[in-house]
Every structure is written in structure tokens, then in C-alpha cells.
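Undergrad: Please find input01.cif (mmCIF, C-alpha atoms) on the next line:
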```cif
data_start
#
loop_
_atom_site.group_PDB
_atom_site.id
_atom_site.type_symbol
_atom_site.label_atom_id
_atom_site.label_comp_id
_atom_site.auth_asym_id
_atom_site.auth_seq_id
_atom_site.Cartn_x
_atom_site.Cartn_y
_atom_site.Cartn_z
ATOM 1 C CA MET A 1 36.802 -43.803 -27.913
ATOM 2 C CA MET A 2 40.135 -45.571 -27.378
ATOM 3 C CA LYS A 3 43.094 -43.304 -26.584
ATOM 4 C CA LEU A 4 46.478 -44.012 -28.119
ATOM 5 C CA ILE A 5 49.867 -42.267 -28.117
ATOM 6 C CA ASP A 6 52.215 -42.377 -31.095
ATOM 7 C CA SER A 7 55.483 -42.675 -29.164
ATOM 8 C CA HIS A 8 57.782 -41.896 -32.111
ATOM 9 C CA CYS A 9 56.796 -39.661 -35.019
ATOM 10 C CA HIS A 10 58.629 -37.196 -37.311
ATOM 11 C CA LEU A 11 55.627 -35.208 -38.498
ATOM 12 C CA TYR A 12 57.756 -32.043 -38.647
ATOM 13 C CA LEU A 13 59.730 -33.238 -41.706
ATOM 14 C CA ASP A 14 59.284 -31.265 -44.902
ATOM 15 C CA ASN A 15 57.346 -33.916 -46.786
ATOM 16 C CA PHE A 16 54.450 -33.222 -44.388
ATOM 17 C CA ASP A 17 54.561 -29.431 -44.760
ATOM 18 C CA LEU A 18 51.318 -28.917 -46.649
ATOM 19 C CA GLU A 19 49.374 -31.420 -44.552
ATOM 20 C CA GLN A 20 50.583 -31.133 -40.959
ATOM 21 C CA ASP A 21 47.428 -29.528 -39.632
ATOM 22 C CA ALA A 22 45.123 -31.872 -41.532
ATOM 23 C CA LEU A 23 47.063 -34.941 -40.397
ATOM 24 C CA ILE A 24 46.922 -33.814 -36.771
ATOM 25 C CA ARG A 25 43.160 -33.236 -37.012
ATOM 26 C CA GLU A 26 42.844 -36.694 -38.539
ATOM 27 C CA ALA A 27 44.967 -38.198 -35.752
ATOM 28 C CA LYS A 28 42.907 -36.512 -33.046
ATOM 29 C CA ASP A 29 39.653 -37.663 -34.637
ATOM 30 C CA SER A 30 40.928 -41.251 -34.658
ATOM 31 C CA GLY A 31 41.687 -41.263 -30.920
ATOM 32 C CA ILE A 32 45.393 -40.423 -30.946
ATOM 33 C CA VAL A 33 45.891 -38.180 -27.905
ATOM 34 C CA ALA A 34 49.590 -37.313 -28.266
ATOM 35 C CA LEU A 35 52.485 -37.423 -30.717
ATOM 36 C CA LEU A 36 56.017 -37.737 -29.365
ATOM 37 C CA MET A 37 58.577 -36.187 -31.699
ATOM 38 C CA PRO A 38 62.271 -37.116 -31.582
ATOM 39 C CA ASN A 39 64.780 -34.695 -33.031
ATOM 40 C CA ILE A 40 67.269 -35.756 -35.735
ATOM 41 C CA ASP A 41 69.974 -33.082 -35.936
ATOM 42 C CA LEU A 42 70.554 -29.324 -36.040
ATOM 43 C CA SER A 43 68.653 -28.927 -39.298
ATOM 44 C CA SER A 44 65.463 -30.456 -37.879
ATOM 45 C CA ALA A 45 65.287 -28.814 -34.447
ATOM 46 C CA GLU A 46 63.631 -25.549 -35.482
ATOM 47 C CA ARG A 47 61.001 -27.332 -37.554
ATOM 48 C CA MET A 48 60.214 -29.684 -34.663
ATOM 49 C CA HIS A 49 59.962 -26.832 -32.160
ATOM 50 C CA GLU A 50 57.653 -24.869 -34.442
ATOM 51 C CA LEU A 51 55.217 -27.750 -34.795
ATOM 52 C CA CYS A 52 55.260 -28.565 -31.076
ATOM 53 C CA ASP A 53 54.671 -24.906 -30.225
ATOM 54 C CA ARG A 54 51.604 -24.891 -32.489
ATOM 55 C CA TYR A 55 50.216 -27.944 -30.714
ATOM 56 C CA PRO A 56 51.205 -27.762 -27.040
ATOM 57 C CA ASP A 57 49.775 -30.615 -24.951
ATOM 58 C CA TYR A 58 49.604 -32.703 -28.112
ATOM 59 C CA ALA A 59 53.001 -32.709 -29.838
ATOM 60 C CA TYR A 60 55.815 -33.356 -27.354
ATOM 61 C CA PRO A 61 59.434 -32.741 -28.430
ATOM 62 C CA MET A 62 62.563 -34.729 -27.653
ATOM 63 C CA MET A 63 66.087 -33.429 -28.159
ATOM 64 C CA GLY A 64 69.077 -35.400 -29.365
ATOM 65 C CA LEU A 65 71.479 -36.112 -32.216
ATOM 66 C CA HIS A 66 70.646 -39.089 -34.425
ATOM 67 C CA PRO A 67 73.579 -41.478 -34.969
ATOM 68 C CA THR A 68 73.479 -41.187 -38.771
ATOM 69 C CA SER A 69 74.033 -37.436 -38.340
ATOM 70 C CA VAL A 70 77.296 -37.938 -36.433
ATOM 71 C CA ALA A 71 80.307 -36.790 -38.460
ATOM 72 C CA ALA A 72 83.813 -35.429 -37.984
ATOM 73 C CA ASP A 73 82.467 -32.201 -36.479
ATOM 74 C CA TYR A 74 80.462 -34.123 -33.865
ATOM 75 C CA ALA A 75 81.836 -32.209 -30.858
ATOM 76 C CA ALA A 76 80.635 -28.794 -32.052
ATOM 77 C CA THR A 77 77.316 -30.229 -33.193
ATOM 78 C CA LEU A 78 76.778 -31.918 -29.857
ATOM 79 C CA ARG A 79 77.431 -28.672 -27.988
ATOM 80 C CA ARG A 80 74.756 -26.919 -30.041
ATOM 81 C CA ILE A 81 72.295 -29.766 -29.503
ATOM 82 C CA GLU A 82 72.959 -29.614 -25.763
ATOM 83 C CA SER A 83 72.295 -25.869 -25.720
ATOM 84 C CA PHE A 84 68.656 -26.516 -26.634
ATOM 85 C CA LEU A 85 68.196 -28.382 -23.357
ATOM 86 C CA ASN A 86 68.608 -25.126 -21.453
ATOM 87 C CA SER A 87 65.933 -23.271 -23.392
ATOM 88 C CA ARG A 88 62.785 -25.388 -23.040
ATOM 89 C CA SER A 89 61.302 -28.636 -21.722
ATOM 90 C CA TYR A 90 61.546 -31.983 -23.489
ATOM 91 C CA CYS A 91 59.910 -35.326 -22.814
ATOM 92 C CA ALA A 92 63.085 -37.294 -23.605
ATOM 93 C CA ILE A 93 66.592 -37.334 -25.017
ATOM 94 C CA GLY A 94 66.234 -38.670 -28.513
ATOM 95 C CA GLU A 95 66.620 -39.910 -31.072
ATOM 96 C CA ILE A 96 70.027 -41.250 -30.068
ATOM 97 C CA GLY A 97 71.988 -44.463 -30.517
ATOM 98 C CA ILE A 98 74.361 -46.241 -32.881
ATOM 99 C CA ASP A 99 73.746 -47.173 -36.527
ATOM 100 C CA LEU A 100 76.222 -49.356 -38.415
ATOM 101 C CA TYR A 101 73.899 -50.271 -41.281
ATOM 102 C CA TRP A 102 74.768 -47.401 -43.588
ATOM 103 C CA ASP A 103 78.307 -46.530 -42.593
ATOM 104 C CA LYS A 104 80.852 -47.667 -40.007
ATOM 105 C CA THR A 105 83.219 -44.739 -40.606
ATOM 106 C CA TYR A 106 82.276 -42.880 -37.444
ATOM 107 C CA LEU A 107 81.689 -45.791 -35.059
ATOM 108 C CA LYS A 108 84.052 -44.341 -32.451
ATOM 109 C CA GLU A 109 82.405 -40.942 -32.717
ATOM 110 C CA GLN A 110 78.916 -42.455 -32.595
ATOM 111 C CA LYS A 111 79.775 -44.182 -29.326
ATOM 112 C CA ILE A 112 81.146 -40.972 -27.831
ATOM 113 C CA VAL A 113 78.045 -39.023 -28.868
ATOM 114 C CA PHE A 114 75.659 -41.731 -27.668
ATOM 115 C CA GLU A 115 77.303 -42.036 -24.266
ATOM 116 C CA GLU A 116 77.399 -38.273 -23.777
ATOM 117 C CA GLN A 117 73.675 -38.058 -24.481
ATOM 118 C CA LEU A 118 72.992 -40.936 -22.112
ATOM 119 C CA LYS A 119 74.728 -38.860 -19.453
ATOM 120 C CA TRP A 120 72.446 -35.926 -20.267
ATOM 121 C CA SER A 121 69.441 -38.142 -19.660
ATOM 122 C CA ILE A 122 70.750 -39.074 -16.224
ATOM 123 C CA ASP A 123 71.560 -35.474 -15.325
ATOM 124 C CA LEU A 124 68.136 -34.241 -16.474
ATOM 125 C CA ASP A 125 66.188 -37.306 -15.298
ATOM 126 C CA LEU A 126 64.745 -37.889 -18.760
ATOM 127 C CA PRO A 127 64.152 -41.162 -20.631
ATOM 128 C CA VAL A 128 65.959 -41.901 -23.897
ATOM 129 C CA ALA A 129 64.636 -42.962 -27.305
ATOM 130 C CA ILE A 130 67.249 -45.327 -28.702
ATOM 131 C CA HIS A 131 67.919 -46.048 -32.369
ATOM 132 C CA THR A 132 70.019 -49.136 -33.015
ATOM 133 C CA ARG A 133 70.631 -50.763 -36.383
ATOM 134 C CA GLU A 134 73.154 -53.566 -36.716
ATOM 135 C CA ALA A 135 74.686 -52.203 -33.520
ATOM 136 C CA PHE A 136 72.820 -53.821 -30.647
ATOM 137 C CA PRO A 137 75.941 -55.113 -28.827
ATOM 138 C CA GLU A 138 77.565 -51.699 -29.098
ATOM 139 C CA VAL A 139 74.450 -49.931 -27.780
ATOM 140 C CA LEU A 140 74.140 -52.355 -24.890
ATOM 141 C CA ASP A 141 77.813 -51.932 -24.026
ATOM 142 C CA SER A 142 77.393 -48.146 -23.845
ATOM 143 C CA ILE A 143 74.278 -48.421 -21.674
ATOM 144 C CA TYR A 144 76.089 -50.571 -19.121
ATOM 145 C CA LYS A 145 79.177 -48.392 -19.323
ATOM 146 C CA VAL A 146 77.228 -45.219 -18.507
ATOM 147 C CA GLY A 147 74.985 -46.852 -15.913
ATOM 148 C CA ALA A 148 72.057 -49.096 -16.819
ATOM 149 C CA GLU A 149 70.470 -48.768 -13.396
ATOM 150 C CA ARG A 150 70.215 -44.987 -13.794
ATOM 151 C CA LEU A 151 68.795 -44.988 -17.327
ATOM 152 C CA SER A 152 65.272 -45.425 -18.653
ATOM 153 C CA GLY A 153 63.817 -45.350 -22.118
ATOM 154 C CA VAL A 154 62.662 -47.252 -25.170
ATOM 155 C CA PHE A 155 64.391 -49.272 -27.859
ATOM 156 C CA HIS A 156 62.591 -47.587 -30.739
ATOM 157 C CA SER A 157 61.590 -49.591 -33.817
ATOM 158 C CA PHE A 158 62.587 -52.918 -32.325
ATOM 159 C CA CYS A 159 62.924 -55.664 -34.926
ATOM 160 C CA GLY A 160 65.630 -57.757 -33.295
ATOM 161 C CA THR A 161 66.114 -61.311 -32.148
ATOM 162 C CA ALA A 162 64.753 -63.225 -29.166
ATOM 163 C CA GLU A 163 68.195 -62.950 -27.600
ATOM 164 C CA GLU A 164 68.221 -59.158 -27.990
ATOM 165 C CA LEU A 165 64.737 -58.952 -26.501
ATOM 166 C CA GLU A 166 65.983 -60.894 -23.469
ATOM 167 C CA GLU A 167 68.785 -58.377 -23.013
ATOM 168 C CA ILE A 168 66.286 -55.501 -23.081
ATOM 169 C CA LYS A 169 64.171 -57.251 -20.460
ATOM 170 C CA LYS A 170 67.203 -57.247 -18.144
ATOM 171 C CA LEU A 171 66.954 -53.449 -18.182
ATOM 172 C CA PRO A 172 63.923 -52.953 -15.912
ATOM 173 C CA ARG A 173 63.362 -49.304 -16.822
ATOM 174 C CA PHE A 174 63.331 -49.854 -20.600
ATOM 175 C CA LYS A 175 60.474 -50.605 -22.986
ATOM 176 C CA THR A 176 60.296 -51.928 -26.538
ATOM 177 C CA GLY A 177 58.880 -49.741 -29.324
ATOM 178 C CA ILE A 178 56.860 -51.559 -31.990
ATOM 179 C CA ASN A 179 55.810 -50.080 -35.339
ATOM 180 C CA GLY A 180 54.637 -51.202 -38.763
ATOM 181 C CA VAL A 181 57.482 -53.707 -39.167
ATOM 182 C CA ILE A 182 55.408 -56.209 -37.168
ATOM 183 C CA THR A 183 52.872 -56.314 -40.034
ATOM 184 C CA PHE A 184 55.405 -57.114 -42.773
ATOM 185 C CA LYS A 185 54.862 -60.476 -44.457
ATOM 186 C CA ASN A 186 58.332 -61.906 -43.863
ATOM 187 C CA ALA A 187 58.950 -60.314 -40.474
ATOM 188 C CA LYS A 188 59.474 -62.693 -37.581
ATOM 189 C CA LEU A 189 58.872 -59.974 -35.025
ATOM 190 C CA ALA A 190 55.435 -61.212 -33.939
ATOM 191 C CA ASP A 191 56.881 -64.626 -33.055
ATOM 192 C CA VAL A 192 59.761 -63.021 -31.143
ATOM 193 C CA LEU A 193 57.396 -60.856 -29.120
ATOM 194 C CA ARG A 194 54.820 -63.565 -28.509
ATOM 195 C CA SER A 195 57.359 -65.942 -27.020
ATOM 196 C CA GLY A 196 59.485 -63.366 -25.233
ATOM 197 C CA THR A 197 57.477 -60.526 -23.715
ATOM 198 C CA ASP A 198 54.032 -59.064 -22.998
ATOM 199 C CA MET A 199 52.178 -55.783 -23.242
ATOM 200 C CA GLN A 200 53.671 -54.488 -19.992
ATOM 201 C CA HIS A 201 56.878 -53.883 -21.964
ATOM 202 C CA ILE A 202 55.487 -52.510 -25.246
ATOM 203 C CA LEU A 203 55.045 -49.019 -26.683
ATOM 204 C CA LEU A 204 53.375 -48.368 -30.038
ATOM 205 C CA GLU A 205 54.810 -45.974 -32.619
ATOM 206 C CA THR A 206 54.733 -45.099 -36.306
ATOM 207 C CA ASP A 207 58.187 -43.642 -37.036
ATOM 208 C CA ALA A 208 56.277 -41.592 -39.635
ATOM 209 C CA PRO A 209 57.048 -40.962 -42.442
ATOM 210 C CA TYR A 210 58.913 -44.285 -42.417
ATOM 211 C CA LEU A 211 57.885 -47.957 -42.038
ATOM 212 C CA ALA A 212 54.195 -47.742 -42.883
ATOM 213 C CA PRO A 213 52.348 -50.917 -41.881
ATOM 214 C CA VAL A 214 50.568 -53.285 -44.244
ATOM 215 C CA PRO A 215 48.404 -52.515 -46.234
ATOM 216 C CA TYR A 216 50.185 -49.168 -46.651
ATOM 217 C CA ARG A 217 53.722 -50.537 -46.848
ATOM 218 C CA GLY A 218 55.853 -48.540 -49.262
ATOM 219 C CA LYS A 219 53.749 -45.418 -48.826
ATOM 220 C CA ARG A 220 54.453 -42.454 -46.596
ATOM 221 C CA ASN A 221 53.546 -43.347 -43.027
ATOM 222 C CA THR A 222 51.192 -41.085 -41.064
ATOM 223 C CA PRO A 223 50.024 -41.155 -37.440
ATOM 224 C CA ILE A 224 46.649 -42.808 -38.049
ATOM 225 C CA TYR A 225 48.349 -45.886 -39.478
ATOM 226 C CA ILE A 226 49.381 -46.734 -35.922
ATOM 227 C CA TRP A 227 45.990 -48.383 -35.532
ATOM 228 C CA LYS A 228 47.037 -51.109 -37.989
ATOM 229 C CA THR A 229 50.083 -51.778 -35.825
ATOM 230 C CA ALA A 230 47.859 -51.890 -32.725
ATOM 231 C CA GLU A 231 45.639 -54.478 -34.400
ATOM 232 C CA LYS A 232 48.609 -56.709 -35.229
ATOM 233 C CA VAL A 233 50.084 -56.394 -31.743
ATOM 234 C CA ALA A 234 46.697 -57.311 -30.252
ATOM 235 C CA GLU A 235 46.558 -60.386 -32.484
ATOM 236 C CA THR A 236 50.128 -61.300 -31.501
ATOM 237 C CA PHE A 237 49.334 -61.386 -27.791
ATOM 238 C CA GLY A 238 45.770 -62.712 -28.071
ATOM 239 C CA LEU A 239 44.295 -59.510 -26.674
ATOM 240 C CA SER A 240 41.555 -57.166 -27.779
ATOM 241 C CA VAL A 241 42.591 -53.973 -29.511
ATOM 242 C CA GLU A 242 41.153 -52.080 -26.543
ATOM 243 C CA GLU A 243 43.347 -53.967 -24.063
ATOM 244 C CA THR A 244 46.400 -53.472 -26.250
ATOM 245 C CA VAL A 245 45.849 -49.756 -26.720
ATOM 246 C CA GLU A 246 45.141 -49.183 -23.032
ATOM 247 C CA ALA A 247 48.366 -50.943 -22.018
ATOM 248 C CA ALA A 248 50.504 -49.164 -24.618
ATOM 249 C CA THR A 249 49.074 -45.773 -23.696
ATOM 250 C CA ARG A 250 49.629 -46.391 -20.002
ATOM 251 C CA ASN A 251 53.219 -47.526 -20.630
ATOM 252 C CA THR A 252 54.015 -44.518 -22.819
ATOM 253 C CA ALA A 253 52.464 -41.919 -20.520
ATOM 254 C CA ALA A 254 54.309 -43.375 -17.536
ATOM 255 C CA LEU A 255 57.708 -43.692 -19.226
ATOM 256 C CA PHE A 256 57.681 -40.162 -20.639
ATOM 257 C CA ARG A 257 55.788 -38.713 -17.652
ATOM 258 C CA LEU A 258 53.368 -36.932 -19.936
ATOM 259 C CA LYS A 259 51.284 -34.260 -18.257
ATOM 260 C CA LYS A 260 49.056 -31.492 -19.459
ATOM 261 C CA GLN A 261 50.595 -28.080 -18.859
ATOM 262 C CA GLY A 262 49.828 -26.985 -15.318
ATOM 263 C CA ASN A 263 48.328 -30.370 -14.451
ATOM 264 C CA SER A 264 50.057 -32.794 -12.118
ATOM 265 C CA GLU A 265 48.021 -35.739 -13.345
ATOM 266 C CA VAL A 266 48.953 -37.947 -16.267
ATOM 267 C CA PRO A 267 46.088 -37.189 -18.693
ATOM 268 C CA PHE A 268 46.126 -40.201 -20.958
ATOM 269 C CA MET A 269 45.216 -43.094 -18.671
#
```
How does the structure come out when it is put into C-alpha cells?
TA:
Amino acid sequence: MMKLIDSHCHLYLDNFDLEQDALIREAKDSGIVALLMPNIDLSSAERMHELCDRYPDYAYPMMGLHPTSVAADYAATLRRIESFLNSRSYCAIGEIGIDLYWDKTYLKEQKIVFEEQLKWSIDLDLPVAIHTREAFPEVLDSIYKVGAERLSGVFHSFCGTAEELEEIKKLPRFKTGINGVITFKNAKLADVLRSGTDMQHILLETDAPYLAPVPYRGKRNTPIYIWKTAEKVAETFGLSVEETVEAATRNTAALFRLKKQGNSEVPFM
């Protein structure tokens, strides 16, 4: 059976409450060997921890403050988010970044919060999961300001331009996260990827419960739908699904340094 990692999944959110265990069984049965779970804000952390504690060696938590959760009280919130980093292990700092799609009110604060969390990733030697929406230049500016050569991570849910993809490729320790958007009828993402990169630079994700791929678009996304994304990515690069999944799994396990507890070997290769 092929082994695949969902590199970005919010299965701890309340609209999964009654089905978490069933959806994880379903994911395991399909060949998904790990779910990586980025935090959103203070309200989500406990729920994420509880799910990851129920499924150690399968659900891997990240810790961070999402840009759309940045507000006037950002400094106090950030201190509380940082305190979690002293209490347990995480596979990454995330989900962090800048989002100017919904609201530009707190742009200055978003940049401060993003750059502080980038510094955490350097101090803790952890990758970052970056959210950017209508803010790619701002995100890139912060990365170079903090120290691009010392950072690693993934641009989650990439749906940008060929020019933006070229900028990511200049960051040798960063990958590009691809989800169901690549299957959307009017998306140009497949063309951008085909002409600008290869599977060495790609991670696969769902962003569940968001961005379900065709033919499930508009429905709640779940981990097993990642296989539809894998099929489209394989078609994009002219590869078999097996080759695509193997490359994505290898990339994800290496970037996040995923290991079974007490095992020094990466288990997902």
C-alpha cells in the first residue's frame, strides 16, 4: 500500500467532533500514515493537543498563531502561545504568516507576530508552516529580514503565480504545499507548477476542513480526499501516483523530521 502524509490538517476543529476517530481509521485504512496539525490560536490549542495525545505517532502538532487571529492584544496572546513551546514537543511552528485578504487593519501587528514566530523557529530549530494570502511580498520581506538562510518550512496552500514560485525556489530549505485547489476547474496552479518546479519541492496537504478537491468541492474536506490531490499532481508532472506519493512523503518526513517515539529512523520512507 502507498504511504502518504497529510502535511496540513485541522481535524481537531469542532465540526469533526463526532467523527474524529472514524475519520482517522478511514485515513489509516487508505494509506495515510500521519496527519500534521497546525494550531490556529489560543482557543484551538487544547483541542489540538487532546487529539494528538490520543493518536501519538500519527497526529503531530504544530504551535503558532494564525495571522487572522492577530488583534490589538497580540503581545499577550503571543506570550501565551510561546509558553506552550516549553511544555511539549512540536513538529513545526505554525500556522503563521500574513493575511491581507480579509482585513488590513492589523498589518503592522501581523508582521511583528510573524517575525517573532520565525525567530522561535530558528531558536528551536523547527520548520515553519506559512500562511500567506494577498501578502506574498510582505511574507517574503519578513523571511529575508529575519534570516532566510536559517529558516526552513513550507508555503502552505500555495496557489500563487509563476513569479512567486520562483521566489520560493530561491529559498533552498522551503517547500510548496499543494492541496485541493489544484483540482479546481478555473485554477491555473497546475500550469504554474508544471512549468516552474518538480516533485522534489512539493508537499501534499488537505487543509481539512477547507478546500476539498473536485469532485468534493464545496463539501467539508477530510484527510482521505488528499488522494484526489495526489492524482492531479501526478497528472500535472506526468508521473504515476505511486511516484508522486513517494516523493511527497519523503519530502514531508524529511522537512518535519518525523520519527516514531523512541526511534531514530524516519518511519515513513
Undergrad: Since I can't run it myself right now, could you work out what the PyMOL selection byres ((chain A and resi 178-192) around 8) selects here and report it as a count of residues only?
TA: 31
Undergrad: Rank nothing, just name the residue among A:Asp198, A:Glu149, A:Asp53, A:Asp21 nearest to Leu171 (chain A), using all atoms listed in the file.
TA: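 Closest residue, counting all atoms listed in the file: A:Glu149.
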Undergrad: Between A:Met62, A:Leu107, A:Ala234, A:Val154, which has the minimum distance to Lys169 (chain A) (counting all atoms listed in the file)?
TA: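 The answer is A:Val154, which sits nearest to Lys169 (chain A).
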Undergrad: Please determine, counting all atoms listed in the file, which residue among A:Leu124, A:Cys52, A:Leu42, A:Ala71 has the shortest atom-to-atom distance to Asn86 (chain A).
TA: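 Result for the nearest residue to Asn86 (chain A): A:Leu124.
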Undergrad: At a cut-off of 10 Å, using all atoms listed in the file, what residues contact Ala148 (chain A)? Leave out same-chain residues fewer than 5 positions from it and give the result as a tab-separated table (two decimals) with C-alpha atoms, keeping the file's coordinate frame.
TA:
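Dumped to selection_1.tsv:
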```
chain	number	residue	atom	x	y	z
A	118	LEU	CA	72.99	-40.94	-22.11
A	140	LEU	CA	74.14	-52.36	-24.89
A	141	ASP	CA	77.81	-51.93	-24.03
A	142	SER	CA	77.39	-48.15	-23.84
A	143	ILE	CA	74.28	-48.42	-21.67
A	170	LYS	CA	67.20	-57.25	-18.14
A	171	LEU	CA	66.95	-53.45	-18.18
A	172	PRO	CA	63.92	-52.95	-15.91
A	173	ARG	CA	63.36	-49.30	-16.82
A	174	PHE	CA	63.33	-49.85	-20.60
```
Undergrad: Calculated over only C-alpha atoms, which of the candidates A:Gln117, A:Ser240, A:Gln20, A:Thr68 has the smallest distance to Asp99 (chain A)?
TA: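 Looking only at the distances to Asp99 (chain A), the closest residue turns out to be A:Thr68.
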Undergrad: Using the chain letters and numbering of this document, enumerate as a PyMOL selection string the residues selected by the PyMOL selection byres ((chain A and resi 3) around 10).
TA: chain A and resi 1-2+4-5+28+30-34+242+245-246+248-250+268-269
Undergrad: Please write the residues picked by the PyMOL selection byres ((chain A and resi 16) around 12) on this file as a PDB file with C-alpha atoms, in the coordinates of the input.
TA:
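Final output, saved to expr-v2.pdb:
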```pdb
ATOM      1  CA  CYS A   9      56.796 -39.661 -35.019  1.00  0.00           C
ATOM      2  CA  HIS A  10      58.629 -37.196 -37.311  1.00  0.00           C
ATOM      3  CA  LEU A  11      55.627 -35.208 -38.498  1.00  0.00           C
ATOM      4  CA  TYR A  12      57.756 -32.043 -38.647  1.00  0.00           C
ATOM      5  CA  LEU A  13      59.730 -33.238 -41.706  1.00  0.00           C
ATOM      6  CA  ASP A  14      59.284 -31.265 -44.902  1.00  0.00           C
ATOM      7  CA  ASN A  15      57.346 -33.916 -46.786  1.00  0.00           C
ATOM      8  CA  ASP A  17      54.561 -29.431 -44.760  1.00  0.00           C
ATOM      9  CA  LEU A  18      51.318 -28.917 -46.649  1.00  0.00           C
ATOM     10  CA  GLU A  19      49.374 -31.420 -44.552  1.00  0.00           C
ATOM     11  CA  GLN A  20      50.583 -31.133 -40.959  1.00  0.00           C
ATOM     12  CA  ASP A  21      47.428 -29.528 -39.632  1.00  0.00           C
ATOM     13  CA  ALA A  22      45.123 -31.872 -41.532  1.00  0.00           C
ATOM     14  CA  LEU A  23      47.063 -34.941 -40.397  1.00  0.00           C
ATOM     15  CA  ILE A  24      46.922 -33.814 -36.771  1.00  0.00           C
ATOM     16  CA  ARG A  47      61.001 -27.332 -37.554  1.00  0.00           C
ATOM     17  CA  MET A  48      60.214 -29.684 -34.663  1.00  0.00           C
ATOM     18  CA  LEU A  51      55.217 -27.750 -34.795  1.00  0.00           C
ATOM     19  CA  ALA A 208      56.277 -41.592 -39.635  1.00  0.00           C
ATOM     20  CA  PRO A 209      57.048 -40.962 -42.442  1.00  0.00           C
ATOM     21  CA  ARG A 220      54.453 -42.454 -46.596  1.00  0.00           C
ATOM     22  CA  ASN A 221      53.546 -43.347 -43.027  1.00  0.00           C
ATOM     23  CA  THR A 222      51.192 -41.085 -41.064  1.00  0.00           C
ATOM     24  CA  PRO A 223      50.024 -41.155 -37.440  1.00  0.00           C
TER      25      PRO A 223
END
```
Undergrad: How far is it from CA of Arg133 (chain A) to CA of Pro67 (chain A), in Å with one decimal?
TA: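 One can read the CA of Arg133 (chain A) to CA of Pro67 (chain A) distance as 9.8 Å.
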